[in-house]
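To start, the structure itself, in structure tokens.
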Amino acid sequence: MGTVLKIENLHKSFGDLKVLNGVSLELKRGETKVIIGPSGTGKSTLLGCVNRLIEPDQGIIWVSDEEITSKTIDLNKVRTEIGFVFQDFNLFTHLTALENVKIGPQKVRKLHKQEAHDLALEELKRVGLSDKANAYPAELSGGQKQRVSIARALAMNPKVMLFDEPTSALDPELIGEVLEVMISLAKEDMTMLIVTHEMGFARVVSDEIIFMEHGNIVEEGPPSQLFNNAQHSRTKEFLHKLTELYGEKKEDAQ
Amino acid sequence: MIYQILLEELPYLLQGVLIIIELLVLLLLLGLIVGIALSAMEVYGNFFLRQSARAFIRIFRGVPATVLLFLVYYGMSGLYDIPSFAAAVLALGLRSAAYQSQIFRGAIESIPSGQMKAAHAIGMNKIQGVLFIILPQAVRLSIGPWSNEFSSELKATSLAYLVGVVELLRRGKYIVSYTYGNALVVFVFCGVIYFILTRLGNNLLYKFEIRISVPGFERRNVRESTIKG
């Protein structure tokens with residue numbers, strides 16, 4: 001299977017603070033990888049660098065066979081190929097759910113108005129929100145907002161989807177509906193890179209889990225390996241803390 | 001009787017009202033276009049654009065309207081003889097631009113940065129982001145403060161009197177002159193007309209505000225009042 005996303009030796013500092021310390025990873029078509037790790041270890045910065053909403057200092061990123069860190073690349077075109085889902089949704093406040101999804105296809109992909117409309121409806125249906133097409137973001141719950149924002153990203157027909165803590169801003173009872181949509185995307189073989197703190201979800205959805213700390217990838221591997229047989233003490237410690245926090249029993253972890 | 005004279009001179013006075021409205025529309029339009037440009041220069045421009053915008057705004061907010069009017073009308077005589085009406089549009093319009101720019105700058109800066117990020121994330125360039133995402137939201141936030149600017153500019157049109165535009169107030173003054181008095185009645189009449197125009201204009205702006213309001217951008221409890229009918 002072809003490689004959809006490849007990151008090589010990525011560095012990023014904010015002032016004196018080194019956030020990314022030479023991160024490399026690769027995502028094959030249809031693969032889902034989940035990045036976990038303590039706060040402030042550069043997970044979100046890493047995602048931001050992939051569509052260059054954050055400029056990396058050093059390192060190379062390819063999406064398919066395009067080097068997107070190249071100086072001559074058409075950044076706006078590349079970004080249409082990378083779906084990005086934000087922690088706090090960032091839905092366009094003045095547009096309805098349908099218009100939020102439609103505006104990209106219409107204004108950026110230059111689809112015909114009717115075509116963009118039909119596509120937007122289709123994508124809303126995909127996230128289970130066709131009945132909310134005419135609602136404004138202020139009229140939607142957090143979970144619904146995040147599903148609209150996923151539909152908005154999907155409508156650009158991206159090669160890869162990036163999720164930056166998509167459920168961290170949600171009330172606990174609304175998390176499930178968003179995760180369900182993401183799981184169904186994974187089943188449809190969407191290529192996805194996800195930053196999340198939802199360990200149960202991570203285990204179900206991912207082909208591989210990446211544990212990051214201090215701007216480095218400490219360990220990566222299939223979920224069963226990381227959760228049951230982590231090689232590094234830091235990984236164990238982190239996962240132990242989480243299970244303690246959520247009061248999960250060891251048997252449940254199987 | 002002065003009331004009979006007022007009645008007879010009503011068409012003459014109403015022509016003055018028309019001139020006020022023309023002047024107001026033109027100066028607000030000039031102010032709107034230049035004001036949006038200035039606000040965009042201030043928020044999105046590089047160092048040079050930002051500083052030029054700021055210099056312009058400082059000058060036109062820091063100098064009295066009367067001085068600006070005299071500068072444009074008398075100051076340019078010899079170089080170019082500008083008609084008094086055009087001088088009034090230019091001086092008051094550029095001053096309004098300075099004020100309007102701050103209304104739009106405030107509105108643009110109050111839009112969360114995530115909106116532009118999301119626009120970039122679906123492949124919009126900066127101009128598309130500003131045009132399709134930022135401005136439509138900023139305009140909705142601007143109407144309240146803009147109605148202030150509208151009200152004060154409507155009344156500021158009377159300053160055009162000073163450079164010889166024969167608007168409502170000057171026409172009133174003519175009537176006072178040739179009837180040898182009646183200043184109180186005539187000027188109260190003029191004042192009432194300004195008052196009525198201000199109210200009408202603000203009502204229109206208010207209706208416009210309701211019309212383009214969407215959930216999340218309601219003003220003055222618009223939703224509740226429309227529900228109650």
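Order determines the names: the first chain of the structure tokens is A, the second B, and so forth; residues in each chain are numbered 1 upward, and ligands are numbered 1 upward as they are shown.
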
Exercise. Give as a ChimeraX atom specification every residue of chain A that touches chain B within 9 Å, counting only C-alpha atoms.
Key: /A:51,53,75-86,88-95,103-105,107-109,135-139,152-153,156

Deliver the residues from the most recent selection as a file, using C-alpha atoms, as a PDB file, in the first residue's frame.
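Final file, result.pdb:
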ATOM      1  CA  ASN A  51      -0.899  21.284   7.051  1.00  0.00           C
ATOM      2  CA  LEU A  53      -0.905  26.070   9.988  1.00  0.00           C
ATOM      3  CA  LEU A  75      -0.051  25.659   0.141  1.00  0.00           C
ATOM      4  CA  ASN A  76      -3.766  26.290  -0.377  1.00  0.00           C
ATOM      5  CA  LYS A  77      -4.017  23.406  -2.818  1.00  0.00           C
ATOM      6  CA  VAL A  78      -2.139  21.056  -0.526  1.00  0.00           C
ATOM      7  CA  ARG A  79      -4.385  21.948   2.387  1.00  0.00           C
ATOM      8  CA  THR A  80      -7.451  20.807   0.456  1.00  0.00           C
ATOM      9  CA  GLU A  81      -5.904  17.323   0.516  1.00  0.00           C
ATOM     10  CA  ILE A  82      -5.493  17.359   4.285  1.00  0.00           C
ATOM     11  CA  GLY A  83      -8.649  17.320   6.387  1.00  0.00           C
ATOM     12  CA  PHE A  84      -8.169  19.018   9.742  1.00  0.00           C
ATOM     13  CA  VAL A  85     -10.501  18.685  12.708  1.00  0.00           C
ATOM     14  CA  PHE A  86      -9.904  21.127  15.540  1.00  0.00           C
ATOM     15  CA  ASP A  88     -12.772  23.541  19.456  1.00  0.00           C
ATOM     16  CA  PHE A  89     -14.541  22.851  16.127  1.00  0.00           C
ATOM     17  CA  ASN A  90     -14.032  26.314  14.618  1.00  0.00           C
ATOM     18  CA  LEU A  91     -17.243  26.079  12.638  1.00  0.00           C
ATOM     19  CA  PHE A  92     -17.993  29.216  10.660  1.00  0.00           C
ATOM     20  CA  THR A  93     -20.388  30.910  13.042  1.00  0.00           C
ATOM     21  CA  HIS A  94     -22.414  32.845  10.477  1.00  0.00           C
ATOM     22  CA  LEU A  95     -23.158  29.824   8.279  1.00  0.00           C
ATOM     23  CA  ILE A 103     -18.403  26.553   1.275  1.00  0.00           C
ATOM     24  CA  GLY A 104     -15.167  24.615   0.748  1.00  0.00           C
ATOM     25  CA  PRO A 105     -16.358  22.612  -2.262  1.00  0.00           C
ATOM     26  CA  LYS A 107     -15.389  28.401  -3.183  1.00  0.00           C
ATOM     27  CA  VAL A 108     -12.194  26.362  -3.080  1.00  0.00           C
ATOM     28  CA  ARG A 109     -12.863  23.268  -5.194  1.00  0.00           C
ATOM     29  CA  ALA A 135     -29.190  24.795  11.952  1.00  0.00           C
ATOM     30  CA  TYR A 136     -26.578  27.374  12.864  1.00  0.00           C
ATOM     31  CA  PRO A 137     -23.593  26.360  15.005  1.00  0.00           C
ATOM     32  CA  ALA A 138     -25.079  28.222  17.982  1.00  0.00           C
ATOM     33  CA  GLU A 139     -28.058  25.858  17.779  1.00  0.00           C
ATOM     34  CA  ARG A 152     -16.657  19.958   6.399  1.00  0.00           C
ATOM     35  CA  ALA A 153     -13.228  18.363   6.229  1.00  0.00           C
ATOM     36  CA  MET A 156     -12.821  18.447   0.474  1.00  0.00           C
TER      37      MET A 156
END

Exercise. Mind listing the alpha helix (DSSP H) residues of range 64-215 of chain A, per DSSP on the backbone, as number ranges by chain?
Key: A: 75-80, 97-103, 113-126, 142-154, 172-187, 199-205

Quiz prompt | range 14-21 of chain B environment, 12 Å, only C-alpha atoms, sequence neighbours closer than 4 positions dropped, as JSON, numbers by chain | solution = {"B": [6, 7, 8, 9, 10, 25, 26, 27, 28, 29, 85, 86, 88, 89, 150, 153, 154, 155, 156, 157, 158, 159, 160, 161, 165, 166, 167, 168, 169, 170, 171, 172, 173, 174, 189, 190, 191, 192, 193, 194, 196, 197, 198, 201]}

Exercise. Would you mind telling me which residue in A:Ile217, A:His117, A:Ala230, A:Thr243 lies nearest to Asn9 in chain A when using only C-alpha atoms?
Key: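 That would be A:Ile217, the residue with the smallest distance to Asn9 in chain A.
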
Quiz item: Rounded to one decimal in Å, what is the spacing between CA of Phe104 in chain B and CA of Pro64 in chain B?
Solution: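 CA of Pro64 in chain B lies at a distance of 22.0 Å from CA of Phe104 in chain B.
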
Quiz item: So, counting only C-alpha atoms, which residue among B:Val176, B:Val188, B:Ile108, B:Leu69 is closest to Ile5 in chain B?
Solution: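 Looking at the shortest contact to Ile5 in chain B, the residue is B:Val176.
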
Quiz item: Just asking: which residues within range 12-233 of chain A are strand (DSSP E or B) according to DSSP, as a ChimeraX atom specification?
Solution: /A:12-14,17-28,32-36,58-63,66-67,82-85,160-164,192-195,208-213,216-221

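Every protein, DNA or RNA residue with an atom at most 12 Å from Asn21 in chain A, where only C-alpha atoms count and chain neighbours fewer than 3 positions away do not, is listed here: Glu8, Asn9, Leu10, His11, Lys12, Ser13, Phe14, Leu17, Lys18, Ser24, Thr41, Gly42, Lys43, Thr45, Leu46, Pro56, Asp57, Gln58, Gly59, Met212, Glu213, His214, Gly215, Asn216, Ile217 and Val218 of chain A.
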
File dump, residues just selected, N, CA and C atoms, as an mmCIF file, in the first residue's frame:
data_model
loop_
_atom_site.group_PDB
_atom_site.id
_atom_site.type_symbol
_atom_site.label_atom_id
_atom_site.label_comp_id
_atom_site.auth_asym_id
_atom_site.auth_seq_id
_atom_site.Cartn_x
_atom_site.Cartn_y
_atom_site.Cartn_z
ATOM 1 N N GLU A 8 9.581 13.443 8.215
ATOM 2 C CA GLU A 8 10.951 13.055 8.465
ATOM 3 C C GLU A 8 11.677 14.120 9.274
ATOM 4 N N ASN A 9 12.101 13.745 10.453
ATOM 5 C CA ASN A 9 12.987 14.560 11.280
ATOM 6 C C ASN A 9 12.447 15.976 11.503
ATOM 7 N N LEU A 10 11.226 16.069 11.977
ATOM 8 C CA LEU A 10 10.571 17.360 12.137
ATOM 9 C C LEU A 10 10.998 18.054 13.431
ATOM 10 N N HIS A 11 11.411 19.308 13.265
ATOM 11 C CA HIS A 11 11.796 20.123 14.431
ATOM 12 C C HIS A 11 10.948 21.377 14.488
ATOM 13 N N LYS A 12 10.580 21.763 15.694
ATOM 14 C CA LYS A 12 9.881 23.039 15.859
ATOM 15 C C LYS A 12 10.144 23.601 17.255
ATOM 16 N N SER A 13 10.527 24.874 17.295
ATOM 17 C CA SER A 13 10.685 25.538 18.591
ATOM 18 C C SER A 13 9.814 26.779 18.618
ATOM 19 N N PHE A 14 9.280 27.092 19.791
ATOM 20 C CA PHE A 14 8.662 28.402 20.002
ATOM 21 C C PHE A 14 9.587 29.170 20.926
ATOM 22 N N LEU A 17 11.712 27.366 23.608
ATOM 23 C CA LEU A 17 11.068 26.103 23.928
ATOM 24 C C LEU A 17 11.095 25.170 22.732
ATOM 25 N N LYS A 18 11.825 24.062 22.877
ATOM 26 C CA LYS A 18 11.842 23.076 21.796
ATOM 27 C C LYS A 18 10.611 22.184 21.941
ATOM 28 N N SER A 24 9.715 11.592 13.301
ATOM 29 C CA SER A 24 9.492 10.960 11.999
ATOM 30 C C SER A 24 8.359 9.961 12.132
ATOM 31 N N THR A 41 3.597 17.993 24.971
ATOM 32 C CA THR A 41 4.703 17.239 24.392
ATOM 33 C C THR A 41 4.780 17.407 22.886
ATOM 34 N N GLY A 42 3.978 18.305 22.342
ATOM 35 C CA GLY A 42 4.104 18.604 20.918
ATOM 36 C C GLY A 42 3.168 17.838 20.012
ATOM 37 N N LYS A 43 2.164 17.171 20.564
ATOM 38 C CA LYS A 43 1.262 16.388 19.710
ATOM 39 C C LYS A 43 0.480 17.282 18.760
ATOM 40 N N THR A 45 1.162 20.402 18.009
ATOM 41 C CA THR A 45 2.104 21.116 17.136
ATOM 42 C C THR A 45 2.454 20.255 15.929
ATOM 43 N N LEU A 46 2.646 18.959 16.193
ATOM 44 C CA LEU A 46 2.969 18.033 15.104
ATOM 45 C C LEU A 46 1.868 18.054 14.043
ATOM 46 N N PRO A 56 6.985 24.473 10.372
ATOM 47 C CA PRO A 56 8.076 23.747 11.023
ATOM 48 C C PRO A 56 9.424 24.470 10.795
ATOM 49 N N ASP A 57 10.360 24.269 11.738
ATOM 50 C CA ASP A 57 11.684 24.885 11.579
ATOM 51 C C ASP A 57 12.546 24.055 10.634
ATOM 52 N N GLN A 58 12.367 22.751 10.714
ATOM 53 C CA GLN A 58 13.269 21.866 9.999
ATOM 54 C C GLN A 58 12.552 20.538 9.811
ATOM 55 N N GLY A 59 12.914 19.816 8.741
ATOM 56 C CA GLY A 59 12.290 18.526 8.506
ATOM 57 C C GLY A 59 11.490 18.550 7.221
ATOM 58 N N MET A 212 4.200 9.877 22.572
ATOM 59 C CA MET A 212 5.134 11.008 22.453
ATOM 60 C C MET A 212 5.376 11.641 23.803
ATOM 61 N N GLU A 213 6.619 12.072 23.990
ATOM 62 C CA GLU A 213 6.930 12.855 25.182
ATOM 63 C C GLU A 213 8.113 13.767 24.881
ATOM 64 N N HIS A 214 8.049 15.001 25.387
ATOM 65 C CA HIS A 214 9.112 15.995 25.193
ATOM 66 C C HIS A 214 9.521 16.138 23.730
ATOM 67 N N GLY A 215 8.564 16.136 22.846
ATOM 68 C CA GLY A 215 8.871 16.370 21.437
ATOM 69 C C GLY A 215 9.498 15.199 20.723
ATOM 70 N N ASN A 216 9.500 14.045 21.355
ATOM 71 C CA ASN A 216 10.042 12.844 20.703
ATOM 72 C C ASN A 216 9.003 11.735 20.691
ATOM 73 N N ILE A 217 9.142 10.847 19.710
ATOM 74 C CA ILE A 217 8.348 9.622 19.765
ATOM 75 C C ILE A 217 9.109 8.639 20.629
ATOM 76 N N VAL A 218 8.491 8.254 21.746
ATOM 77 C CA VAL A 218 9.167 7.355 22.676
ATOM 78 C C VAL A 218 9.009 5.916 22.196
#
